[in-house]
Structure formats: C-alpha cells, structure tokens
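Trainee: Data file start.pdb (PDB, C-alpha atoms and all ligand atoms) is appended below.
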```
ATOM      1  CA  MET A  29      55.025 101.957  81.869  1.00  0.00           C
ATOM      2  CA  THR A  30      55.188 102.080  78.073  1.00  0.00           C
ATOM      3  CA  GLY A  31      53.702 104.914  76.014  1.00  0.00           C
ATOM      4  CA  ARG A  32      51.284 102.508  74.290  1.00  0.00           C
ATOM      5  CA  ARG A  33      49.939 101.224  77.577  1.00  0.00           C
ATOM      6  CA  GLU A  34      49.410 104.804  78.762  1.00  0.00           C
ATOM      7  CA  LEU A  35      47.502 105.531  75.559  1.00  0.00           C
ATOM      8  CA  TYR A  36      45.188 102.513  76.069  1.00  0.00           C
ATOM      9  CA  LEU A  37      44.508 103.541  79.659  1.00  0.00           C
ATOM     10  CA  GLN A  38      43.722 107.109  78.632  1.00  0.00           C
ATOM     11  CA  GLU A  39      41.349 105.872  75.924  1.00  0.00           C
ATOM     12  CA  MET A  40      39.615 103.755  78.557  1.00  0.00           C
ATOM     13  CA  GLY A  41      39.175 106.890  80.693  1.00  0.00           C
ATOM     14  CA  LEU A  42      41.763 105.731  83.200  1.00  0.00           C
ATOM     15  CA  GLY A  43      44.274 108.529  82.704  1.00  0.00           C
ATOM     16  CA  PRO A  44      46.156 110.570  83.551  1.00  0.00           C
ATOM     17  CA  VAL A  45      48.780 108.132  84.754  1.00  0.00           C
ATOM     18  CA  TRP A  46      50.780 109.328  87.735  1.00  0.00           C
ATOM     19  CA  ARG A  47      54.329 108.113  88.106  1.00  0.00           C
ATOM     20  CA  LEU A  48      56.303 107.941  91.312  1.00  0.00           C
ATOM     21  CA  LYS A  49      59.258 110.323  91.228  1.00  0.00           C
ATOM     22  CA  PRO A  50      62.463 108.264  91.420  1.00  0.00           C
ATOM     23  CA  ALA A  51      64.034 108.572  94.852  1.00  0.00           C
ATOM     24  CA  ALA A  52      67.228 110.659  95.029  1.00  0.00           C
ATOM     25  CA  ALA A  53      70.327 108.472  95.035  1.00  0.00           C
ATOM     26  CA  GLU A  54      71.547 107.729  98.527  1.00  0.00           C
ATOM     27  CA  PRO A  55      74.888 109.381  99.292  1.00  0.00           C
ATOM     28  CA  PRO A  56      77.660 106.770  99.464  1.00  0.00           C
ATOM     29  CA  SER A  57      78.748 105.572 102.880  1.00  0.00           C
ATOM     30  CA  PRO A  58      82.252 106.447 104.147  1.00  0.00           C
ATOM     31  CA  LEU A  59      83.094 102.772 103.587  1.00  0.00           C
ATOM     32  CA  ASP A  60      82.082 103.011  99.890  1.00  0.00           C
ATOM     33  CA  ILE A  61      84.115 106.184  99.533  1.00  0.00           C
ATOM     34  CA  GLN A  62      87.212 104.467 100.878  1.00  0.00           C
ATOM     35  CA  SER A  63      87.312 102.093  97.926  1.00  0.00           C
ATOM     36  CA  MET A  64      86.811 104.691  95.158  1.00  0.00           C
ATOM     37  CA  ASP A  65      89.458 105.750  92.689  1.00  0.00           C
ATOM     38  CA  SER A  66      89.923 109.408  91.872  1.00  0.00           C
ATOM     39  CA  ALA A  67      87.569 109.465  88.857  1.00  0.00           C
ATOM     40  CA  GLU A  68      84.791 107.703  90.799  1.00  0.00           C
ATOM     41  CA  LEU A  69      85.272 110.035  93.737  1.00  0.00           C
ATOM     42  CA  GLU A  70      85.081 113.142  91.563  1.00  0.00           C
ATOM     43  CA  ALA A  71      81.899 111.867  89.872  1.00  0.00           C
ATOM     44  CA  VAL A  72      80.283 111.134  93.236  1.00  0.00           C
ATOM     45  CA  VAL A  73      81.219 114.556  94.591  1.00  0.00           C
ATOM     46  CA  ALA A  74      79.803 116.240  91.460  1.00  0.00           C
ATOM     47  CA  ASN A  75      76.393 114.709  92.236  1.00  0.00           C
ATOM     48  CA  CYS A  76      76.601 114.783  96.023  1.00  0.00           C
ATOM     49  CA  THR A  77      73.496 115.787  97.963  1.00  0.00           C
ATOM     50  CA  ALA A  78      74.735 114.678 101.373  1.00  0.00           C
ATOM     51  CA  CYS A  79      74.341 118.086 102.997  1.00  0.00           C
ATOM     52  CA  VAL A  80      72.254 121.197 102.429  1.00  0.00           C
ATOM     53  CA  LEU A  81      75.006 122.969 100.524  1.00  0.00           C
ATOM     54  CA  HIS A  82      74.086 121.080  97.371  1.00  0.00           C
ATOM     55  CA  LYS A  83      70.941 123.219  97.158  1.00  0.00           C
ATOM     56  CA  THR A  84      72.797 126.507  96.796  1.00  0.00           C
ATOM     57  CA  ARG A  85      75.988 125.557  94.954  1.00  0.00           C
ATOM     58  CA  THR A  86      76.563 126.361  91.284  1.00  0.00           C
ATOM     59  CA  ARG A  87      79.076 123.547  90.951  1.00  0.00           C
ATOM     60  CA  THR A  88      81.198 121.397  93.188  1.00  0.00           C
ATOM     61  CA  VAL A  89      84.880 122.179  93.597  1.00  0.00           C
ATOM     62  CA  PHE A  90      86.696 118.886  93.814  1.00  0.00           C
ATOM     63  CA  GLY A  91      90.332 119.980  93.752  1.00  0.00           C
ATOM     64  CA  VAL A  92      93.039 120.660  91.225  1.00  0.00           C
ATOM     65  CA  GLY A  93      96.559 119.544  90.518  1.00  0.00           C
ATOM     66  CA  ASP A  94      98.929 116.639  90.263  1.00  0.00           C
ATOM     67  CA  GLU A  95      97.272 113.536  91.699  1.00  0.00           C
ATOM     68  CA  ASN A  96     100.715 112.158  92.629  1.00  0.00           C
ATOM     69  CA  ALA A  97     101.867 115.381  94.237  1.00  0.00           C
ATOM     70  CA  ASP A  98     104.239 115.516  97.201  1.00  0.00           C
ATOM     71  CA  TRP A  99     102.565 118.744  98.336  1.00  0.00           C
ATOM     72  CA  LEU A 100      98.917 119.065  99.339  1.00  0.00           C
ATOM     73  CA  PHE A 101      97.445 122.469 100.207  1.00  0.00           C
ATOM     74  CA  VAL A 102      94.062 122.412 101.939  1.00  0.00           C
ATOM     75  CA  GLY A 103      91.751 125.386 102.385  1.00  0.00           C
ATOM     76  CA  GLU A 104      88.299 125.812 103.883  1.00  0.00           C
ATOM     77  CA  ALA A 105      85.600 125.876 101.201  1.00  0.00           C
ATOM     78  CA  PRO A 106      84.897 127.404  97.796  1.00  0.00           C
ATOM     79  CA  GLY A 107      84.042 131.090  97.597  1.00  0.00           C
ATOM     80  CA  ALA A 108      81.904 132.807  94.973  1.00  0.00           C
ATOM     81  CA  GLU A 109      84.477 132.659  92.171  1.00  0.00           C
ATOM     82  CA  GLU A 110      85.412 129.053  92.917  1.00  0.00           C
ATOM     83  CA  ASP A 111      81.730 128.125  92.964  1.00  0.00           C
ATOM     84  CA  ALA A 112      81.314 129.720  89.519  1.00  0.00           C
ATOM     85  CA  GLN A 113      84.448 128.182  87.993  1.00  0.00           C
ATOM     86  CA  GLY A 114      84.635 124.824  89.768  1.00  0.00           C
ATOM     87  CA  GLU A 115      88.298 125.292  90.729  1.00  0.00           C
ATOM     88  CA  PRO A 116      89.749 126.042  94.164  1.00  0.00           C
ATOM     89  CA  PHE A 117      91.622 129.268  94.837  1.00  0.00           C
ATOM     90  CA  VAL A 118      90.855 131.398  91.818  1.00  0.00           C
ATOM     91  CA  GLY A 119      90.502 135.200  91.829  1.00  0.00           C
ATOM     92  CA  GLN A 120      92.703 137.402  93.998  1.00  0.00           C
ATOM     93  CA  ALA A 121      93.198 134.810  96.743  1.00  0.00           C
ATOM     94  CA  GLY A 122      94.167 132.285  94.094  1.00  0.00           C
ATOM     95  CA  LYS A 123      96.714 134.663  92.590  1.00  0.00           C
ATOM     96  CA  LEU A 124      98.230 135.177  96.009  1.00  0.00           C
ATOM     97  CA  LEU A 125      98.359 131.431  96.601  1.00  0.00           C
ATOM     98  CA  ASP A 126     100.115 130.972  93.259  1.00  0.00           C
ATOM     99  CA  ASN A 127     102.666 133.590  94.322  1.00  0.00           C
ATOM    100  CA  MET A 128     103.107 131.875  97.677  1.00  0.00           C
ATOM    101  CA  LEU A 129     103.778 128.615  95.844  1.00  0.00           C
ATOM    102  CA  LYS A 130     106.208 130.362  93.498  1.00  0.00           C
ATOM    103  CA  SER A 131     108.121 131.843  96.427  1.00  0.00           C
ATOM    104  CA  ILE A 132     109.157 128.344  97.486  1.00  0.00           C
ATOM    105  CA  GLY A 133     109.742 127.018  93.975  1.00  0.00           C
ATOM    106  CA  LEU A 134     106.324 125.420  93.431  1.00  0.00           C
ATOM    107  CA  LYS A 135     103.718 125.787  90.728  1.00  0.00           C
ATOM    108  CA  ARG A 136     100.022 124.924  90.732  1.00  0.00           C
ATOM    109  CA  GLY A 137      99.556 121.566  89.059  1.00  0.00           C
ATOM    110  CA  GLU A 138     103.211 120.525  89.218  1.00  0.00           C
ATOM    111  CA  ASN A 139     103.838 118.282  92.211  1.00  0.00           C
ATOM    112  CA  VAL A 140     101.145 120.291  94.023  1.00  0.00           C
ATOM    113  CA  TYR A 141      97.512 119.453  94.688  1.00  0.00           C
ATOM    114  CA  ILE A 142      95.025 121.996  96.052  1.00  0.00           C
ATOM    115  CA  ALA A 143      91.732 121.085  97.710  1.00  0.00           C
ATOM    116  CA  ASN A 144      89.268 122.316 100.311  1.00  0.00           C
ATOM    117  CA  VAL A 145      87.631 120.663 103.303  1.00  0.00           C
ATOM    118  CA  LEU A 146      84.205 121.375 101.798  1.00  0.00           C
ATOM    119  CA  LYS A 147      83.447 120.818  98.136  1.00  0.00           C
ATOM    120  CA  CYS A 148      80.476 123.211  97.958  1.00  0.00           C
ATOM    121  CA  ARG A 149      80.239 126.889  98.805  1.00  0.00           C
ATOM    122  CA  PRO A 150      78.509 127.868 102.038  1.00  0.00           C
ATOM    123  CA  PRO A 151      76.024 130.642 101.126  1.00  0.00           C
ATOM    124  CA  GLY A 152      77.393 134.114 101.742  1.00  0.00           C
ATOM    125  CA  ASN A 153      80.744 132.523 102.645  1.00  0.00           C
ATOM    126  CA  ARG A 154      79.466 131.714 106.127  1.00  0.00           C
ATOM    127  CA  ASP A 155      81.456 129.315 108.297  1.00  0.00           C
ATOM    128  CA  PRO A 156      80.885 125.641 107.492  1.00  0.00           C
ATOM    129  CA  LEU A 157      78.602 123.848 109.952  1.00  0.00           C
ATOM    130  CA  PRO A 158      79.778 120.745 111.834  1.00  0.00           C
ATOM    131  CA  GLU A 159      77.173 118.612 110.038  1.00  0.00           C
ATOM    132  CA  GLU A 160      78.500 119.768 106.646  1.00  0.00           C
ATOM    133  CA  VAL A 161      82.073 119.019 107.625  1.00  0.00           C
ATOM    134  CA  ALA A 162      81.111 115.568 108.911  1.00  0.00           C
ATOM    135  CA  ARG A 163      79.389 114.795 105.599  1.00  0.00           C
ATOM    136  CA  CYS A 164      82.150 116.129 103.389  1.00  0.00           C
ATOM    137  CA  MET A 165      85.321 115.047 105.199  1.00  0.00           C
ATOM    138  CA  PRO A 166      85.268 111.445 103.891  1.00  0.00           C
ATOM    139  CA  TYR A 167      85.886 112.902 100.401  1.00  0.00           C
ATOM    140  CA  LEU A 168      88.974 114.807 101.489  1.00  0.00           C
ATOM    141  CA  GLU A 169      90.166 111.817 103.501  1.00  0.00           C
ATOM    142  CA  ARG A 170      89.924 109.664 100.391  1.00  0.00           C
ATOM    143  CA  GLN A 171      91.698 112.305  98.298  1.00  0.00           C
ATOM    144  CA  ILE A 172      94.552 112.284 100.811  1.00  0.00           C
ATOM    145  CA  ASP A 173      94.695 108.469 100.737  1.00  0.00           C
ATOM    146  CA  LEU A 174      94.874 108.516  96.936  1.00  0.00           C
ATOM    147  CA  ILE A 175      97.380 111.372  96.564  1.00  0.00           C
ATOM    148  CA  ARG A 176      99.544 110.230  99.477  1.00  0.00           C
ATOM    149  CA  PRO A 177     101.317 113.586  99.793  1.00  0.00           C
ATOM    150  CA  LYS A 178     104.576 113.845 101.689  1.00  0.00           C
ATOM    151  CA  LEU A 179     103.486 117.115 103.291  1.00  0.00           C
ATOM    152  CA  ILE A 180     100.194 118.890 103.938  1.00  0.00           C
ATOM    153  CA  VAL A 181      99.943 122.668 104.323  1.00  0.00           C
ATOM    154  CA  THR A 182      96.663 123.937 105.708  1.00  0.00           C
ATOM    155  CA  LEU A 183      95.504 127.392 104.658  1.00  0.00           C
ATOM    156  CA  GLY A 184      93.590 129.189 107.378  1.00  0.00           C
ATOM    157  CA  LYS A 185      92.250 128.363 110.801  1.00  0.00           C
ATOM    158  CA  PHE A 186      89.332 126.262 109.700  1.00  0.00           C
ATOM    159  CA  ALA A 187      91.335 123.730 107.662  1.00  0.00           C
ATOM    160  CA  ALA A 188      93.962 123.484 110.411  1.00  0.00           C
ATOM    161  CA  GLN A 189      91.382 122.948 113.142  1.00  0.00           C
ATOM    162  CA  THR A 190      89.507 120.382 111.077  1.00  0.00           C
ATOM    163  CA  LEU A 191      92.506 118.270 110.078  1.00  0.00           C
ATOM    164  CA  LEU A 192      94.122 118.467 113.497  1.00  0.00           C
ATOM    165  CA  GLY A 193      90.874 118.085 115.426  1.00  0.00           C
ATOM    166  CA  ARG A 194      91.795 120.985 117.703  1.00  0.00           C
ATOM    167  CA  ASP A 195      89.722 124.079 118.421  1.00  0.00           C
ATOM    168  CA  VAL A 196      92.631 126.464 118.993  1.00  0.00           C
ATOM    169  CA  THR A 197      93.988 129.633 117.399  1.00  0.00           C
ATOM    170  CA  ILE A 198      96.100 129.576 114.285  1.00  0.00           C
ATOM    171  CA  ALA A 199      98.785 131.479 116.206  1.00  0.00           C
ATOM    172  CA  SER A 200      99.189 128.551 118.593  1.00  0.00           C
ATOM    173  CA  LEU A 201      99.472 126.074 115.706  1.00  0.00           C
ATOM    174  CA  ARG A 202     101.958 127.952 113.519  1.00  0.00           C
ATOM    175  CA  GLY A 203     105.687 127.313 113.555  1.00  0.00           C
ATOM    176  CA  LYS A 204     105.387 123.622 114.433  1.00  0.00           C
ATOM    177  CA  ILE A 205     105.305 120.409 112.470  1.00  0.00           C
ATOM    178  CA  HIS A 206     102.058 118.597 113.207  1.00  0.00           C
ATOM    179  CA  ALA A 207     100.849 115.327 111.718  1.00  0.00           C
ATOM    180  CA  TYR A 208      97.685 114.197 110.011  1.00  0.00           C
ATOM    181  CA  ARG A 209      97.481 110.395 109.901  1.00  0.00           C
ATOM    182  CA  GLY A 210     101.266 110.221 109.974  1.00  0.00           C
ATOM    183  CA  ILE A 211     101.749 112.884 107.260  1.00  0.00           C
ATOM    184  CA  PRO A 212     103.622 116.004 108.402  1.00  0.00           C
ATOM    185  CA  LEU A 213     101.333 119.036 108.431  1.00  0.00           C
ATOM    186  CA  ILE A 214     102.197 122.714 108.598  1.00  0.00           C
ATOM    187  CA  VAL A 215      99.738 125.487 109.296  1.00  0.00           C
ATOM    188  CA  THR A 216      99.643 128.883 107.631  1.00  0.00           C
ATOM    189  CA  TYR A 217      97.186 131.661 106.913  1.00  0.00           C
ATOM    190  CA  HIS A 218      94.494 131.613 104.253  1.00  0.00           C
ATOM    191  CA  PRO A 219      95.413 133.796 101.247  1.00  0.00           C
ATOM    192  CA  ALA A 220      92.057 135.622 101.514  1.00  0.00           C
ATOM    193  CA  TYR A 221      92.983 136.583 105.094  1.00  0.00           C
ATOM    194  CA  LEU A 222      96.428 137.728 103.968  1.00  0.00           C
ATOM    195  CA  LEU A 223      94.851 140.004 101.358  1.00  0.00           C
ATOM    196  CA  ARG A 224      93.059 141.769 104.219  1.00  0.00           C
ATOM    197  CA  THR A 225      95.888 141.572 106.757  1.00  0.00           C
ATOM    198  CA  LEU A 226      99.071 142.537 104.981  1.00  0.00           C
ATOM    199  CA  GLN A 227     101.157 142.588 108.161  1.00  0.00           C
ATOM    200  CA  ASP A 228     100.790 138.806 108.519  1.00  0.00           C
ATOM    201  CA  LYS A 229     102.354 138.107 105.124  1.00  0.00           C
ATOM    202  CA  ALA A 230     105.784 137.962 106.780  1.00  0.00           C
ATOM    203  CA  LYS A 231     104.495 135.230 109.113  1.00  0.00           C
ATOM    204  CA  ALA A 232     103.107 133.305 106.149  1.00  0.00           C
ATOM    205  CA  TRP A 233     106.530 133.529 104.544  1.00  0.00           C
ATOM    206  CA  GLU A 234     108.053 131.990 107.712  1.00  0.00           C
ATOM    207  CA  ASP A 235     105.505 129.164 107.506  1.00  0.00           C
ATOM    208  CA  LEU A 236     106.341 128.524 103.868  1.00  0.00           C
ATOM    209  CA  CYS A 237     110.048 128.431 104.681  1.00  0.00           C
ATOM    210  CA  LEU A 238     109.313 125.887 107.423  1.00  0.00           C
ATOM    211  CA  ALA A 239     107.309 123.844 104.924  1.00  0.00           C
ATOM    212  CA  ARG A 240     110.113 123.954 102.367  1.00  0.00           C
ATOM    213  CA  GLU A 241     112.727 122.938 104.968  1.00  0.00           C
ATOM    214  CA  THR A 242     110.492 120.128 106.168  1.00  0.00           C
ATOM    215  CA  MET A 243     110.055 118.826 102.634  1.00  0.00           C
ATOM    216  CA  GLN A 244     113.798 119.035 102.003  1.00  0.00           C
ATOM    217  CA  GLY A 245     114.372 117.071 105.200  1.00  0.00           C
ATOM    218  CA  LEU A 246     111.864 114.439 104.150  1.00  0.00           C
ATOM    219  CA  SER A 247     113.429 114.125 100.700  1.00  0.00           C
ATOM    220  CA  SER A 248     116.964 113.812 102.068  1.00  0.00           C
ATOM    221  CA  VAL A 249     115.844 111.109 104.540  1.00  0.00           C
ATOM    222  CA  GLU A 250     114.260 109.246 101.627  1.00  0.00           C
ATOM    223  CA  SER A 251     117.375 109.453  99.483  1.00  0.00           C
ATOM    224  CA  THR A 252     119.490 108.186 102.423  1.00  0.00           C
ATOM    225  CA  ILE A 253     117.184 105.193 102.841  1.00  0.00           C
ATOM    226  CA  ILE A 254     117.303 104.425  99.087  1.00  0.00           C
TER     227      ILE A 254
HETATM  228 FE1  LIG B 301      78.247 116.824  99.405  1.00  0.00          FE
HETATM  229 FE2  LIG B 301      80.330 118.057 100.500  1.00  0.00          FE
HETATM  230 FE3  LIG B 301      78.778 119.377  98.799  1.00  0.00          FE
HETATM  231 FE4  LIG B 301      77.836 118.756 101.207  1.00  0.00          FE
HETATM  232  S1  LIG B 301      79.568 120.139 100.762  1.00  0.00           S
HETATM  233  S2  LIG B 301      76.744 118.498  99.259  1.00  0.00           S
HETATM  234  S3  LIG B 301      78.822 116.764 101.579  1.00  0.00           S
HETATM  235  S4  LIG B 301      80.067 117.595  98.333  1.00  0.00           S
END
```
Produce structure tokens that represent the structure in this file.

Mentor:
Amino acid sequence: MTGRRELYLQEMGLGPVWRLKPAAAEPPSPLDIQSMDSAELEAVVANCTACVLHKTRTRTVFGVGDENADWLFVGEAPGAEEDAQGEPFVGQAGKLLDNMLKSIGLKRGENVYIANVLKCRPPGNRDPLPEEVARCMPYLERQIDLIRPKLIVTLGKFAAQTLLGRDVTIASLRGKIHAYRGIPLIVTYHPAYLLRTLQDKAKAWEDLCLARETMQGLSSVESTII
C-alpha cells in the first residue's frame, strides 16, 4: 500500500493500517541445494533458519580455504570464538589445527579447506541434535560435491560418526582408511580434545601420517594413470 493511500485512509478515520508481516523465506530443499554454486550456497547458509540454532548464533560459519583443495578437514560445529568471527577453528584449537597441518606440510587456505558439520554454534557448545544435523548436512554435502577433495580428514568423534553413519568410538575408527561417497576418509581427534588430552597427541600424529601417506598414494596413482 502506498504512503498516499494510507494518508487518505487515515484522514477518513480508517487508520491505522495494519500490514501482514512478510513470511520468513522457506529454507531451500536438499534438491535446490544440490544445484547451487559456492557463492549461492554461502549466501543461503548466511540466512538459514532451517533449525533452532539460527536463533542463538552470532553469525554462520560456512568454511574457509581453497575451494579446489585436495584436502578437506571437517569438524563438529562452531564454538564461541568461531561464532564471533565467522571462521572455523580459530582460537587455541585453531592454532593447534594449523600446527597439525604444518606438521604434514600443509597450510590453511593452500590446497586445504576446513568446514564443520554444523554451520551455527549450539548454545553452550552442547552436542548437536539429530534434527539439526539432518537440516544442516545438505550444506556440507554440497560443499564436498563442489570442492571434490581427494581426501577427507574428520576431526573428532562427532564428524566421523556423522560422515560415516556409524555410532562407534573414535578409537575403533582410527588407523583405517574409510570412504565417504567414494572419497577416502581418515579419522583423527578434534584439536579442542587434544588441548585437554595431551597424551593423545601422539595418536593424532599417527593419523596425520596415515593421511599424508594416503594422499601420496593417491597422487602417485594419478600420475601413473596420466
Ligand atoms: Fe541452518 Fe545449519 Fe544454522 Fe541450522 S545449523 S540454522 S540448518 S545453517
């Protein structure tokens, strides 16, 4: 309704004029998400209201890095610092992750992409709920389709269980090469856990060595085929 029409109505004693609040945009369907490019996906995630976590987040945390990376690292969900900054793995856990990457010759942003299963922080860093994971997973699935990494490394139990669809301990998943939709996947500990549990750093180092050997194997197979 135009301003002039409102004015006439008010003068005729027919105001105030009540407007219907526009309905919130419907979250996209998984099918819509599958056809999005990276920029569209990031914009949709930034405005996503598909689960309750949108009510408590400061900002969404889409992911960071080289969108053509061979390496994809996947964690659980943003924490307080990630929620404030909009980037995954910042703060002490982020520093440790950067050092873990460095130990196998990698650097954040260079042939490496880092993302989480959930794009919004669960309040108080509680565990993500199944409903939240179900709503958010299509975004990560699309990110993986777009990046097409050669190798995925999951950080922590939650990411491993979610991508592998198995409710088992991280100890039983470590030391093996799994697959997510045909992409080799290796499981290691979450850097935040390693900050609290120093004795497991040696095991994380073993996992990183396995990841590096696996990537070297994949690259040498590729060069043989070429
Ligand atoms: Fe949307 Fe994922 Fe955030 Fe839930 S956690 S509001 S599904 S982006």

Trainee: Please indicate the distance in Å from atom CA of A:Arg209 to atom CA of A:Cys237, rounded to one decimal place.

Mentor: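 Interatomic distance here is 22.6 Å.
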
Trainee: Between A:Ile198, A:Leu146, A:Glu241, A:Glu169, which has the minimum distance to A:Asp228 (counting only C-alpha atoms)?

Mentor: A:Ile198

Trainee: Residues contacting ligand LIG 301 (chain B) - anything with an atom at most 10 Å away, using only C-alpha atoms and all ligand atoms - can you give me those as a ChimeraX atom specification?

Mentor: /A:55,70,72-85,87-90,105-106,144-150,156-157,159-168

Trainee: Since I can't run it myself right now, could you work out what the PyMOL selection byres (((chain A and resi 203) around 9) and not hetatm) selects here and report it as a list in words?

Mentor: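 Output of the PyMOL selection byres (((chain A and resi 203) around 9) and not hetatm): Ala199, Ser200, Leu201, Arg202, Lys204, Ile205, Ile214, Val215, Thr216, Glu234, Asp235 and Leu238 of chain A.
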
Trainee: Would you output that residue set with C-alpha atoms, as a PDB file, in the frame of the given file?

Mentor:
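Final output, saved to selection29.pdb:
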```
ATOM      1  CA  ALA A 199      98.785 131.479 116.206  1.00  0.00           C
ATOM      2  CA  SER A 200      99.189 128.551 118.593  1.00  0.00           C
ATOM      3  CA  LEU A 201      99.472 126.074 115.706  1.00  0.00           C
ATOM      4  CA  ARG A 202     101.958 127.952 113.519  1.00  0.00           C
ATOM      5  CA  LYS A 204     105.387 123.622 114.433  1.00  0.00           C
ATOM      6  CA  ILE A 205     105.305 120.409 112.470  1.00  0.00           C
ATOM      7  CA  ILE A 214     102.197 122.714 108.598  1.00  0.00           C
ATOM      8  CA  VAL A 215      99.738 125.487 109.296  1.00  0.00           C
ATOM      9  CA  THR A 216      99.643 128.883 107.631  1.00  0.00           C
ATOM     10  CA  GLU A 234     108.053 131.990 107.712  1.00  0.00           C
ATOM     11  CA  ASP A 235     105.505 129.164 107.506  1.00  0.00           C
ATOM     12  CA  LEU A 238     109.313 125.887 107.423  1.00  0.00           C
TER      13      LEU A 238
END
```

Trainee: Pick out the closest residue to A:Pro116 from this set: A:Pro151, A:Arg136, A:Asp98, A:Gly91. Count all atoms listed in the file.

Mentor: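 Looking at the shortest contact to A:Pro116, the residue is A:Gly91.
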
Trainee: Could you check the closest approach to A:Leu129 for each of A:Lys229, A:Arg224, A:Arg240, A:Arg154 and tell me which residue wins, using only C-alpha atoms?

Mentor: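 Counting only C-alpha atoms, the residue closest to A:Leu129 is A:Arg240.
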
Trainee: Between atom CA of A:Gly210 and atom CA of A:Gly133, what is the distance, to one decimal in Å?

Mentor: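 Taking atom CA of A:Gly210 and atom CA of A:Gly133, their separation equals 24.7 Å.
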
Trainee: Considering all atoms listed in the file, state which residue in the set A:Glu115, A:Asp173, A:Glu250, A:Asp195 is at the smallest distance from A:Ser63.

Mentor: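 Distance minimum relative to A:Ser63 lands on A:Asp173.
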
Trainee: Evaluate the PyMOL selection byres (((chain A and resi 140) around 8) and not hetatm) and record the selected residues as a CSV table (one decimal) with C-alpha atoms, keeping the file's coordinate frame, following the chain and residue labels used in the document.

Mentor:
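Saved as selection05.csv:
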```
chain,number,residue,atom,x,y,z
A,93,GLY,CA,96.6,119.5,90.5
A,94,ASP,CA,98.9,116.6,90.3
A,97,ALA,CA,101.9,115.4,94.2
A,98,ASP,CA,104.2,115.5,97.2
A,99,TRP,CA,102.6,118.7,98.3
A,100,LEU,CA,98.9,119.1,99.3
A,101,PHE,CA,97.4,122.5,100.2
A,134,LEU,CA,106.3,125.4,93.4
A,135,LYS,CA,103.7,125.8,90.7
A,136,ARG,CA,100.0,124.9,90.7
A,137,GLY,CA,99.6,121.6,89.1
A,138,GLU,CA,103.2,120.5,89.2
A,139,ASN,CA,103.8,118.3,92.2
A,141,TYR,CA,97.5,119.5,94.7
A,142,ILE,CA,95.0,122.0,96.1
```

Trainee: For A:Phe117, list every protein, DNA or RNA residue within 10 Å, evaluated using all atoms listed in the file, and leave out those in the same chain fewer than 2 positions away; present the list as a list in words.

Mentor: Val89, Gly91, Val92, Gly103, Ala105, Pro106, Gly107, Glu109, Glu110, Gln113, Gly114, Glu115, Gly119, Gln120, Ala121, Gly122, Lys123, Leu124, Leu125, Asp126, Ile142, Ala143, Asn144, Pro219 and Ala220 of chain A

Trainee: Which of these residues is nearest to A:Pro58, using all atoms listed in the file: A:Ala232, A:Leu246, A:Leu179, A:Arg170?

Mentor: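 Closest to A:Pro58, using all atoms listed in the file: A:Arg170.
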
Trainee: Provide the atom CA of A:Gln244 to atom CA of A:Leu223 distance in Å, to one decimal place.

Mentor: 28.3 Å

Trainee: Quick one: of A:Leu213, A:Leu226, A:Leu192, A:Leu174, who's nearest to A:Glu68, counting only C-alpha atoms?

Mentor: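 For A:Glu68, the nearest of the candidates is A:Leu174.
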